[in-house]
>>> print(open('my_file_16.cif').read())   # mmCIF, C-alpha atoms
data_work
#
loop_
_atom_site.group_PDB
_atom_site.id
_atom_site.type_symbol
_atom_site.label_atom_id
_atom_site.label_comp_id
_atom_site.auth_asym_id
_atom_site.auth_seq_id
_atom_site.Cartn_x
_atom_site.Cartn_y
_atom_site.Cartn_z
ATOM 1 C CA MET A 1148 13.261 22.844 -13.807
ATOM 2 C CA GLU A 1149 12.056 19.320 -13.202
ATOM 3 C CA ALA A 1150 10.203 17.594 -16.029
ATOM 4 C CA SER A 1151 6.540 16.709 -15.476
ATOM 5 C CA ASP A 1152 5.395 13.104 -15.390
ATOM 6 C CA GLN A 1153 3.636 13.595 -18.733
ATOM 7 C CA ASP A 1154 6.851 14.883 -20.324
ATOM 8 C CA LEU A 1155 8.856 11.989 -18.903
ATOM 9 C CA VAL A 1156 6.306 9.436 -20.111
ATOM 10 C CA ALA A 1157 6.346 10.963 -23.597
ATOM 11 C CA ARG A 1158 10.142 10.752 -23.614
ATOM 12 C CA VAL A 1159 10.027 7.097 -22.488
ATOM 13 C CA GLN A 1160 7.482 6.314 -25.198
ATOM 14 C CA SER A 1161 9.937 7.845 -27.672
ATOM 15 C CA GLY A 1162 12.695 5.509 -26.482
ATOM 16 C CA ASP A 1163 14.433 7.589 -23.778
ATOM 17 C CA LYS A 1164 15.290 5.004 -21.095
ATOM 18 C CA GLN A 1165 16.852 7.653 -18.862
ATOM 19 C CA ALA A 1166 13.471 9.369 -18.524
ATOM 20 C CA PHE A 1167 12.012 6.194 -17.030
ATOM 21 C CA ARG A 1168 14.753 6.209 -14.397
ATOM 22 C CA HIS A 1169 13.472 9.623 -13.286
ATOM 23 C CA LEU A 1170 9.949 8.218 -12.910
ATOM 24 C CA VAL A 1171 11.301 5.304 -10.867
ATOM 25 C CA GLU A 1172 13.196 7.681 -8.598
ATOM 26 C CA ARG A 1173 10.117 9.865 -8.212
ATOM 27 C CA TYR A 1174 7.681 7.060 -7.300
ATOM 28 C CA SER A 1175 9.630 4.089 -5.922
ATOM 29 C CA ARG A 1176 9.397 5.138 -2.265
ATOM 30 C CA SER A 1177 5.653 5.678 -2.337
ATOM 31 C CA VAL A 1178 5.098 2.404 -4.217
ATOM 32 C CA PHE A 1179 7.254 0.648 -1.601
ATOM 33 C CA ARG A 1180 5.196 2.163 1.245
ATOM 34 C CA LEU A 1181 1.957 1.028 -0.380
ATOM 35 C CA ALA A 1182 3.334 -2.462 -1.037
ATOM 36 C CA PHE A 1183 4.692 -2.810 2.498
ATOM 37 C CA ARG A 1184 1.390 -1.788 4.013
ATOM 38 C CA MET A 1185 -0.413 -4.329 1.875
ATOM 39 C CA THR A 1186 2.018 -7.268 2.081
ATOM 40 C CA ARG A 1187 3.477 -6.506 5.542
ATOM 41 C CA THR A 1188 6.939 -7.770 4.564
ATOM 42 C CA GLU A 1189 9.894 -5.774 3.353
ATOM 43 C CA GLN A 1190 11.033 -8.458 0.897
ATOM 44 C CA ASP A 1191 7.610 -8.701 -0.726
ATOM 45 C CA ALA A 1192 7.383 -4.910 -0.904
ATOM 46 C CA GLU A 1193 10.743 -4.731 -2.668
ATOM 47 C CA ASP A 1194 9.611 -7.410 -5.110
ATOM 48 C CA VAL A 1195 6.380 -5.503 -5.762
ATOM 49 C CA VAL A 1196 8.326 -2.309 -6.514
ATOM 50 C CA GLN A 1197 10.608 -4.073 -8.985
ATOM 51 C CA GLU A 1198 7.818 -5.980 -10.690
ATOM 52 C CA SER A 1199 5.528 -2.940 -10.838
ATOM 53 C CA PHE A 1200 8.096 -0.750 -12.554
ATOM 54 C CA LEU A 1201 9.091 -3.579 -14.877
ATOM 55 C CA ARG A 1202 5.444 -4.024 -15.873
ATOM 56 C CA ALA A 1203 5.033 -0.260 -16.273
ATOM 57 C CA TYR A 1204 8.071 -0.077 -18.539
ATOM 58 C CA ARG A 1205 6.856 -2.966 -20.678
ATOM 59 C CA GLN A 1206 3.383 -1.437 -20.972
ATOM 60 C CA ILE A 1207 4.330 2.255 -21.195
ATOM 61 C CA HIS A 1208 2.809 2.411 -24.682
ATOM 62 C CA ASN A 1209 -0.585 1.571 -23.053
ATOM 63 C CA TYR A 1210 -0.384 4.495 -20.640
ATOM 64 C CA ARG A 1211 -3.288 6.899 -21.136
ATOM 65 C CA SER A 1212 -2.880 10.446 -19.950
ATOM 66 C CA ASP A 1213 -6.427 10.547 -18.531
ATOM 67 C CA SER A 1214 -4.867 9.592 -15.165
ATOM 68 C CA THR A 1215 -1.581 10.642 -13.625
ATOM 69 C CA PHE A 1216 1.468 8.417 -13.873
ATOM 70 C CA GLY A 1217 1.329 8.110 -10.077
ATOM 71 C CA THR A 1218 -2.201 6.726 -10.216
ATOM 72 C CA TRP A 1219 -1.204 4.358 -13.008
ATOM 73 C CA ILE A 1220 1.822 2.961 -11.150
ATOM 74 C CA TYR A 1221 -0.282 2.634 -7.958
ATOM 75 C CA ARG A 1222 -2.823 0.632 -9.956
ATOM 76 C CA ILE A 1223 -0.104 -1.686 -11.238
ATOM 77 C CA ALA A 1224 1.414 -2.083 -7.765
ATOM 78 C CA SER A 1225 -1.881 -2.600 -5.963
ATOM 79 C CA ASN A 1226 -3.014 -5.174 -8.544
ATOM 80 C CA TYR A 1227 0.279 -7.040 -8.114
ATOM 81 C CA CYS A 1228 -0.123 -6.913 -4.317
ATOM 82 C CA LEU A 1229 -3.684 -8.195 -4.603
ATOM 83 C CA ASP A 1230 -2.471 -11.078 -6.781
ATOM 84 C CA LEU A 1231 0.288 -11.843 -4.278
ATOM 85 C CA LEU A 1232 -2.118 -11.791 -1.330
ATOM 86 C CA ARG A 1233 -4.642 -13.993 -3.147
ATOM 87 C CA ALA A 1234 -1.889 -16.483 -3.950
ATOM 88 C CA ARG A 1235 -0.932 -16.535 -0.260
ATOM 89 C CA GLN A 1236 -4.529 -17.229 0.709
ATOM 90 C CA ARG A 1237 -4.761 -20.063 -1.806
ATOM 91 C CA HIS A 1238 -1.592 -21.634 -0.444
ATOM 92 C CA ALA A 1239 -2.645 -21.033 3.186
ATOM 93 C CA VAL A 1240 0.470 -19.012 3.907
ATOM 94 C CA SER A 1241 -0.059 -16.783 6.914
ATOM 95 C CA GLY A 1242 1.715 -15.013 9.732
ATOM 96 C CA VAL A 1243 2.795 -11.601 8.493
ATOM 97 C CA LYS A 1244 4.852 -9.758 11.087
ATOM 98 C CA LEU A 1245 5.181 -6.099 11.841
ATOM 99 C CA PRO A 1246 8.609 -4.741 12.761
ATOM 100 C CA GLU A 1247 9.590 -5.486 16.339
ATOM 101 C CA THR A 1248 9.123 -2.859 19.010
ATOM 102 C CA ALA A 1249 12.216 -0.788 19.717
ATOM 103 C CA SER A 1250 14.321 -2.384 22.451
ATOM 104 C CA ASN A 1251 15.055 0.972 24.088
ATOM 105 C CA ALA A 1252 11.494 1.444 25.383
ATOM 106 C CA PRO A 1253 11.524 3.262 28.703
ATOM 107 C CA ALA A 1254 9.819 0.654 30.867
ATOM 108 C CA PRO A 1255 8.901 -3.050 30.719
ATOM 109 C CA ASP A 1256 5.177 -2.320 31.046
ATOM 110 C CA ARG A 1257 5.394 -0.082 27.984
ATOM 111 C CA LEU A 1258 7.129 -2.885 26.087
ATOM 112 C CA VAL A 1259 4.314 -5.260 27.007
ATOM 113 C CA PHE A 1260 1.650 -2.745 25.991
ATOM 114 C CA ALA A 1261 3.486 -1.936 22.741
ATOM 115 C CA GLY A 1262 3.584 -5.663 21.987
ATOM 116 C CA GLN A 1263 -0.143 -5.923 22.651
ATOM 117 C CA ILE A 1264 -0.810 -2.998 20.330
ATOM 118 C CA ARG A 1265 1.457 -4.452 17.635
ATOM 119 C CA ASP A 1266 -0.299 -7.811 17.900
ATOM 120 C CA GLY A 1267 -3.694 -6.109 17.849
ATOM 121 C CA ILE A 1268 -2.845 -4.106 14.751
ATOM 122 C CA GLU A 1269 -1.436 -7.194 13.037
ATOM 123 C CA GLU A 1270 -4.559 -9.177 13.859
ATOM 124 C CA ALA A 1271 -6.863 -6.317 12.868
ATOM 125 C CA PHE A 1272 -5.079 -5.728 9.570
ATOM 126 C CA GLY A 1273 -5.357 -9.463 8.884
ATOM 127 C CA THR A 1274 -9.151 -9.175 8.954
ATOM 128 C CA LEU A 1275 -9.152 -6.789 5.990
ATOM 129 C CA SER A 1276 -9.687 -8.046 2.475
ATOM 130 C CA PRO A 1277 -6.873 -7.267 0.017
ATOM 131 C CA GLN A 1278 -9.044 -4.562 -1.559
ATOM 132 C CA GLU A 1279 -9.739 -2.989 1.837
ATOM 133 C CA LYS A 1280 -6.014 -3.038 2.689
ATOM 134 C CA ALA A 1281 -5.179 -1.317 -0.587
ATOM 135 C CA ALA A 1282 -7.902 1.309 -0.273
ATOM 136 C CA PHE A 1283 -7.039 2.024 3.373
ATOM 137 C CA ALA A 1284 -3.305 2.305 2.662
ATOM 138 C CA LEU A 1285 -3.811 4.575 -0.340
ATOM 139 C CA ARG A 1286 -6.152 6.843 1.615
ATOM 140 C CA HIS A 1287 -4.609 6.978 5.062
ATOM 141 C CA TYR A 1288 -0.922 6.401 4.371
ATOM 142 C CA GLU A 1289 -0.471 7.818 0.876
ATOM 143 C CA GLY A 1290 -3.073 10.599 1.107
ATOM 144 C CA GLN A 1291 -4.746 9.712 -2.180
ATOM 145 C CA SER A 1292 -8.144 11.158 -3.058
ATOM 146 C CA ILE A 1293 -11.204 8.954 -3.545
ATOM 147 C CA ASP A 1294 -10.951 9.569 -7.311
ATOM 148 C CA GLU A 1295 -7.315 8.454 -7.340
ATOM 149 C CA ILE A 1296 -8.063 5.382 -5.226
ATOM 150 C CA ALA A 1297 -10.988 4.420 -7.441
ATOM 151 C CA SER A 1298 -8.807 4.769 -10.509
ATOM 152 C CA ALA A 1299 -5.838 2.918 -8.981
ATOM 153 C CA LEU A 1300 -7.977 -0.010 -7.818
ATOM 154 C CA GLU A 1301 -10.288 0.073 -10.846
ATOM 155 C CA LEU A 1302 -13.360 0.653 -8.678
ATOM 156 C CA THR A 1303 -16.232 3.069 -8.743
ATOM 157 C CA GLN A 1304 -15.987 5.983 -6.331
ATOM 158 C CA THR A 1305 -18.725 4.425 -4.227
ATOM 159 C CA ALA A 1306 -16.896 1.092 -4.049
ATOM 160 C CA ALA A 1307 -13.650 2.865 -3.079
ATOM 161 C CA LYS A 1308 -15.442 4.782 -0.302
ATOM 162 C CA ASN A 1309 -17.111 1.584 0.901
ATOM 163 C CA SER A 1310 -13.786 -0.285 0.973
ATOM 164 C CA ILE A 1311 -12.210 2.458 3.068
ATOM 165 C CA PHE A 1312 -15.260 2.610 5.353
ATOM 166 C CA ARG A 1313 -15.303 -1.175 5.861
ATOM 167 C CA ALA A 1314 -11.558 -1.173 6.598
ATOM 168 C CA VAL A 1315 -11.902 1.581 9.186
ATOM 169 C CA GLN A 1316 -14.875 -0.170 10.812
ATOM 170 C CA LYS A 1317 -13.032 -3.505 11.027
ATOM 171 C CA LEU A 1318 -9.895 -1.880 12.424
ATOM 172 C CA HIS A 1319 -11.959 0.079 14.931
ATOM 173 C CA ARG A 1320 -13.788 -3.050 16.129
ATOM 174 C CA HIS A 1321 -10.531 -4.954 16.622
ATOM 175 C CA LEU A 1322 -8.585 -2.125 18.224
ATOM 176 C CA GLU A 1323 -11.337 -0.718 20.447
ATOM 177 C CA PRO A 1324 -10.556 -3.057 23.384
ATOM 178 C CA LEU A 1325 -6.967 -1.783 23.389
ATOM 179 C CA CYS A 1326 -8.189 1.799 23.489
ATOM 180 C CA ILE A 1327 -10.465 1.014 26.440
ATOM 181 C CA THR A 1328 -7.515 -0.645 28.212
ATOM 182 C CA THR A 1329 -5.452 2.488 27.626
ATOM 183 C CA ARG A 1330 -8.126 4.787 29.043
ATOM 184 C CA THR A 1331 -8.623 2.699 32.178
ATOM 185 C CA SER A 1332 -4.916 2.248 32.878
#
>>> encode(input="my_file_16.cif", output="structure tokens")
Amino acid sequence: MEASDQDLVARVQSGDKQAFRHLVERYSRSVFRLAFRMTRTEQDAEDVVQESFLRAYRQIHNYRSDSTFGTWIYRIASNYCLDLLRARQRHAVSGVKLPETASNAPAPDRLVFAGQIRDGIEEAFGTLSPQEKAAFALRHYEGQSIDEIASALELTQTAAKNSIFRAVQKLHRHLEPLCITTRTS
């Protein structure tokens, strides 16, 4: 039988380093997915995972069981991503890239359209604030509830809902012309 997160945290707080390894194995993929969706680079996402778990380990004595460990580690990771994105904005670093389209696409016109979609998504995602990116990724990629998102991002439920709503509206506005192109083609 697999130990619960609460049991593992209690063991870590008692000095069992092996128990923390189990938590890392349990949550590292989902933290990576969140970080990648927020930072848009694999290297940054890997750095976020490492730093988030390092911070969690150092602060494990501050963990309160009123939220799940998953929510707590998401909060740490999303805060680190937000800091990273703010630092990028301050230093005017831009140009995040999505993975390239597969080279085995069936036809050249599909490659062109896929490139247009990729560019549209990249541009649309760039219009989101860091908070909107985090809320959108947690909701639509990680399947988190509004309560979990609010807790992870340290927002009220209303603010979490509004962040998700604003993100969806911005993405819709930017991607709508591509959808119209698809329907008329």
>>> atom_distance(input="my_file_16.cif", atom1="atom CA of A:Leu1155", atom2="atom CA of A:Ala1224")
19.4 Å
>>> residues_around(input="my_file_16.cif", residues="stretch 1282-1298 of chain A", least_positions_apart="5", cutoff="9 Å", atoms="only C-alpha atoms", output="short mmCIF file (atom, residue, chain, number, x, y, z; two decimals) with C-alpha atoms, keeping the file's coordinate frame")
data_model
loop_
_atom_site.label_atom_id
_atom_site.label_comp_id
_atom_site.auth_asym_id
_atom_site.auth_seq_id
_atom_site.Cartn_x
_atom_site.Cartn_y
_atom_site.Cartn_z
CA SER A 1177 5.65 5.68 -2.34
CA ARG A 1180 5.20 2.16 1.25
CA LEU A 1181 1.96 1.03 -0.38
CA ALA A 1182 3.33 -2.46 -1.04
CA ARG A 1184 1.39 -1.79 4.01
CA MET A 1185 -0.41 -4.33 1.88
CA SER A 1214 -4.87 9.59 -15.16
CA THR A 1215 -1.58 10.64 -13.62
CA THR A 1218 -2.20 6.73 -10.22
CA TRP A 1219 -1.20 4.36 -13.01
CA TYR A 1221 -0.28 2.63 -7.96
CA ARG A 1222 -2.82 0.63 -9.96
CA PRO A 1277 -6.87 -7.27 0.02
CA THR A 1303 -16.23 3.07 -8.74
CA GLN A 1304 -15.99 5.98 -6.33
CA THR A 1305 -18.73 4.42 -4.23
CA ALA A 1306 -16.90 1.09 -4.05
CA ALA A 1307 -13.65 2.86 -3.08
CA LYS A 1308 -15.44 4.78 -0.30
CA SER A 1310 -13.79 -0.28 0.97
CA ILE A 1311 -12.21 2.46 3.07
CA PHE A 1312 -15.26 2.61 5.35
CA ALA A 1314 -11.56 -1.17 6.60
CA VAL A 1315 -11.90 1.58 9.19
#
>>> residues_near_point(input="my_file_16.cif", point="(8.3, -3.1, -3.2)", cutoff="8 Å", atoms="only C-alpha atoms", output="ChimeraX atom specification")
/A:1175,1178-1180,1182-1183,1189-1197
>>> atom_distance(input="my_file_16.cif", atom1="atom CA of A:Gly1162", atom2="atom CA of A:His1208")
10.5 Å
>>> resolve_selection(input="my_file_16.cif", expression="the PyMOL selection byres ((chain A and resi 1206) around 12)", output="JSON, numbers by chain")
{"A": [1156, 1159, 1160, 1199, 1200, 1201, 1202, 1203, 1204, 1205, 1207, 1208, 1209, 1210, 1211, 1219, 1220, 1223]}
>>> resolve_selection(input="my_file_16.cif", expression="the PyMOL selection byres ((chain A and resi 1150) around 12)", output="ChimeraX atom specification")
/A:1148-1149,1151-1158,1166-1167,1169-1170,1173
>>> atom_distance(input="my_file_16.cif", atom1="atom CA of A:Ile1268", atom2="atom CA of A:Leu1231")
20.8 Å
>>> closest_residue(input="my_file_16.cif", among="A:Lys1317, A:Asp1266, A:Ser1276, A:Gly1217", to="A:Arg1233", atoms="all atoms listed in the file")
A:Ser1276
